[in-house]
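Okay, protein_20.cif now, which holds mmCIF, C-alpha atoms:
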```
data_upload
#
loop_
_atom_site.label_atom_id
_atom_site.label_comp_id
_atom_site.auth_asym_id
_atom_site.auth_seq_id
_atom_site.Cartn_x
_atom_site.Cartn_y
_atom_site.Cartn_z
CA MET Z 6 7.46 -3.70 12.59
CA ALA Z 7 9.67 -1.07 10.96
CA LYS Z 8 12.64 -3.43 11.09
CA SER Z 9 12.63 -6.71 9.19
CA MET Z 10 12.14 -9.90 11.17
CA PRO Z 11 14.69 -12.70 11.04
CA LYS Z 12 13.78 -15.01 8.12
CA SER Z 13 12.88 -18.04 10.25
CA MET Z 14 10.67 -15.93 12.51
CA ALA Z 15 9.08 -14.18 9.54
CA THR Z 16 8.28 -17.51 7.87
CA ASP Z 17 6.64 -18.99 10.98
CA ALA Z 18 4.79 -15.76 11.77
CA ALA Z 19 3.66 -15.34 8.18
CA ARG Z 20 2.23 -18.87 7.98
CA ASN Z 21 0.22 -18.31 11.15
CA LEU Z 22 -0.92 -14.83 10.14
CA LEU Z 23 -1.81 -15.80 6.59
CA ALA Z 24 -4.08 -18.56 7.89
CA GLN Z 25 -6.12 -15.99 9.82
CA VAL Z 26 -6.84 -13.79 6.80
CA LYS Z 27 -10.05 -14.10 4.76
CA TRP Z 28 -8.88 -13.85 1.17
CA ASP Z 29 -11.36 -13.04 -1.60
CA ASP Z 30 -12.15 -15.51 -4.39
CA ALA Z 31 -9.10 -14.30 -6.33
CA GLY Z 32 -6.84 -14.83 -3.31
CA LEU Z 33 -6.54 -11.11 -2.63
CA LEU Z 34 -6.94 -8.74 0.32
CA PRO Z 35 -7.46 -4.96 0.13
CA ALA Z 36 -4.72 -3.05 1.95
CA ILE Z 37 -5.14 0.55 3.03
CA ALA Z 38 -1.92 2.55 3.47
CA GLN Z 39 -2.30 5.26 6.12
CA GLU Z 40 0.43 7.74 6.99
CA HIS Z 41 1.50 6.96 10.54
CA ALA Z 42 2.34 10.54 11.56
CA SER Z 43 -0.72 12.33 10.15
CA GLY Z 44 -3.35 9.59 9.93
CA LYS Z 45 -3.99 10.56 6.30
CA VAL Z 46 -5.09 7.74 3.98
CA LEU Z 47 -2.51 7.56 1.20
CA MET Z 48 -3.72 4.75 -1.02
CA VAL Z 49 -5.51 1.42 -1.33
CA ALA Z 50 -3.86 -1.53 -3.04
CA TRP Z 51 -4.15 -5.32 -3.06
CA MET Z 52 -2.08 -8.07 -1.48
CA ASN Z 53 -1.94 -11.77 -2.14
CA ARG Z 54 -0.40 -14.26 0.31
CA GLU Z 55 3.08 -13.76 -1.09
CA ALA Z 56 2.82 -9.96 -0.85
CA LEU Z 57 1.65 -10.05 2.77
CA ALA Z 58 4.38 -12.53 3.71
CA ALA Z 59 6.99 -10.30 2.02
CA THR Z 60 5.63 -7.21 3.80
CA ILE Z 61 5.91 -8.99 7.14
CA ALA Z 62 9.43 -10.23 6.37
CA GLU Z 63 10.80 -7.01 4.86
CA GLY Z 64 9.05 -4.37 6.97
CA ARG Z 65 8.10 -2.42 3.85
CA ALA Z 66 4.91 -2.43 1.81
CA VAL Z 67 4.75 -5.07 -0.90
CA TYR Z 68 1.56 -5.22 -2.93
CA TYR Z 69 0.16 -7.38 -5.72
CA SER Z 70 -0.44 -5.59 -9.00
CA ARG Z 71 -3.66 -6.91 -10.51
CA SER Z 72 -2.90 -5.32 -13.89
CA ARG Z 73 0.67 -6.66 -14.11
CA LYS Z 74 -0.13 -9.89 -12.23
CA LYS Z 75 3.02 -9.70 -10.11
CA LEU Z 76 4.37 -8.43 -6.80
CA TRP Z 77 4.99 -4.72 -6.57
CA ARG Z 78 7.33 -3.32 -3.95
CA LYS Z 79 6.04 0.19 -3.36
CA GLY Z 80 8.74 2.59 -4.48
CA GLU Z 81 10.69 0.09 -6.60
CA GLU Z 82 10.67 2.55 -9.52
CA SER Z 83 9.91 5.88 -7.85
CA GLY Z 84 11.96 5.50 -4.67
CA HIS Z 85 8.81 6.35 -2.67
CA GLN Z 86 8.91 3.29 -0.42
CA GLN Z 87 6.54 2.69 2.47
CA THR Z 88 8.12 1.54 5.72
CA VAL Z 89 5.50 -0.35 7.73
CA ILE Z 90 5.16 0.88 11.32
CA GLU Z 91 2.06 -1.12 12.24
CA MET Z 92 -0.40 -3.55 10.65
CA ARG Z 93 -4.02 -4.09 11.64
CA LEU Z 94 -6.54 -6.60 10.36
CA ASP Z 95 -10.21 -5.57 10.49
CA CYS Z 96 -12.91 -7.36 12.47
CA ASP Z 97 -13.95 -9.54 9.52
CA GLY Z 98 -10.35 -10.46 8.72
CA ASP Z 99 -10.75 -9.29 5.12
CA THR Z 100 -9.12 -5.83 5.03
CA LEU Z 101 -5.65 -4.78 6.12
CA LEU Z 102 -4.60 -1.37 7.44
CA LEU Z 103 -0.92 -0.50 7.12
CA GLN Z 104 0.39 2.47 9.05
CA VAL Z 105 3.42 3.60 7.10
CA GLU Z 106 6.17 6.17 6.82
CA GLN Z 107 6.01 7.39 3.23
CA ALA Z 108 9.43 8.10 1.73
CA GLY Z 109 9.61 11.32 -0.26
CA GLY Z 110 6.12 12.39 0.82
CA ILE Z 111 4.61 11.03 -2.41
CA ALA Z 112 2.39 7.95 -2.46
CA CYS Z 113 0.50 8.48 -5.73
CA HIS Z 114 1.82 7.75 -9.21
CA THR Z 115 0.45 11.18 -10.21
CA GLY Z 116 3.13 12.81 -8.05
CA ARG Z 117 0.75 13.72 -5.23
CA HIS Z 118 1.01 12.98 -1.52
CA SER Z 119 -2.15 10.82 -1.55
CA CYS Z 120 -4.07 8.92 -4.20
CA PHE Z 121 -7.22 10.47 -2.73
CA TYR Z 122 -6.64 13.92 -4.19
CA ARG Z 123 -10.07 14.42 -5.82
CA ARG Z 124 -13.05 15.71 -3.89
CA LEU Z 125 -16.68 15.82 -4.97
CA GLU Z 126 -17.66 19.47 -5.46
CA ASN Z 127 -20.80 20.63 -7.25
CA ASP Z 128 -21.41 17.27 -8.92
CA ALA Z 129 -17.85 16.95 -10.23
CA TRP Z 130 -14.57 15.43 -9.02
CA ARG Z 131 -12.06 18.24 -8.47
CA ALA Z 132 -8.33 17.87 -7.79
CA VAL Z 133 -7.71 19.51 -4.42
CA GLU Z 134 -4.12 18.45 -3.75
CA PRO Z 135 -1.15 19.70 -5.74
CA VAL Z 136 1.26 17.66 -7.81
CA LEU Z 137 4.46 17.65 -5.75
CA LYS Z 138 6.63 16.18 -8.48
CA ASP Z 139 6.02 15.64 -12.18
CA PRO Z 140 5.44 11.92 -12.77
CA ALA Z 141 7.71 12.10 -15.84
CA ALA Z 142 10.56 13.01 -13.49
CA ILE Z 143 9.66 10.17 -11.12
CA TYR Z 144 9.15 7.34 -13.61
CA ARG Z 145 11.89 7.36 -16.22
CA LYS Z 146 11.70 4.47 -18.65
#
```
Using structure tokens, write down the structure that the file contains.
Amino acid sequence: MAKSMPKSMATDAARNLLAQVKWDDAGLLPAIAQEHASGKVLMVAWMNREALAATIAEGRAVYYSRSRKKLWRKGEESGHQQTVIEMRLDCDGDTLLLQVEQAGGIACHTGRHSCFYRRLENDAWRAVEPVLKDPAAIYRK
């Protein structure tokens, strides 16, 4: 999966695969990004049909931004792309697991390795993972 498929193959495969997915009422599917080497969950995002087809074709994670209402190629601004090693669809066909190689070791827009950096401790959410890079240095606009 790490290498892109030829376009004709990707198109045929995507049509078949997309038909097997149970999309929610908004036409979306939750996608969990898990680091291939460590097994650590990095983030959860959403995909629509176009995003999943692009992910299959390109071999890198492409999500659908619900807030911006458009496709979002992970790392398009930060450089922290996710190369897809393996994809798995759950038993109900309504959740996708992407095993990825995370470029730069940062998946979260806060500059952390994982979006799941807060842990419940004594009735409060506490940050337990360090900021690896200041987001202002990552996202320059």
Would you mind telling me which residue in Z:Thr115, Z:Asn127, Z:Gln104, Z:Gln87 lies nearest to Z:Gly44 when using all atoms listed in the file? Z:Gln104
Just say which residues the PyMOL selection byres ((chain Z and resi 25) around 12) picks in this file, as a list in words.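 When the PyMOL selection byres ((chain Z and resi 25) around 12) is applied, the selected residues are Ala18, Ala19, Arg20, Asn21, Leu22, Leu23, Ala24, Val26, Lys27, Trp28, Leu34, Arg54, Leu94, Asp95, Cys96, Asp97, Gly98, Asp99, Thr100 and Leu101 of chain Z.
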Quick one: apply the PyMOL selection byres ((chain Z and resi 80-85) around 12) to the file and drop the selected residues here as a PyMOL selection string. chain Z and resi 65-68+76-79+86-88+105-119+138-146
As an exercise, work out the distance from atom CA of Z:Pro35 to atom CA of Z:Arg123 in Å and give it to one decimal place. 20.4 Å
When the PyMOL selection byres ((chain Z and resi 92) around 6) is applied to the file above, which residues end up in the set, as number ranges by chain? Z: 91, 93, 102-103
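Across the model, the gap from atom CA of Z:Pro135 to atom CA of Z:Val49 is 19.3 Å.
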Between Z:Ile37, Z:Asp17, Z:Tyr69, Z:Thr60, which one has atoms that come closest to Z:Phe121, using all atoms listed in the file?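 Checking each of Z:Ile37, Z:Asp17, Z:Tyr69, Z:Thr60 against Z:Phe121, counting all atoms listed in the file, the winner is Z:Ile37.
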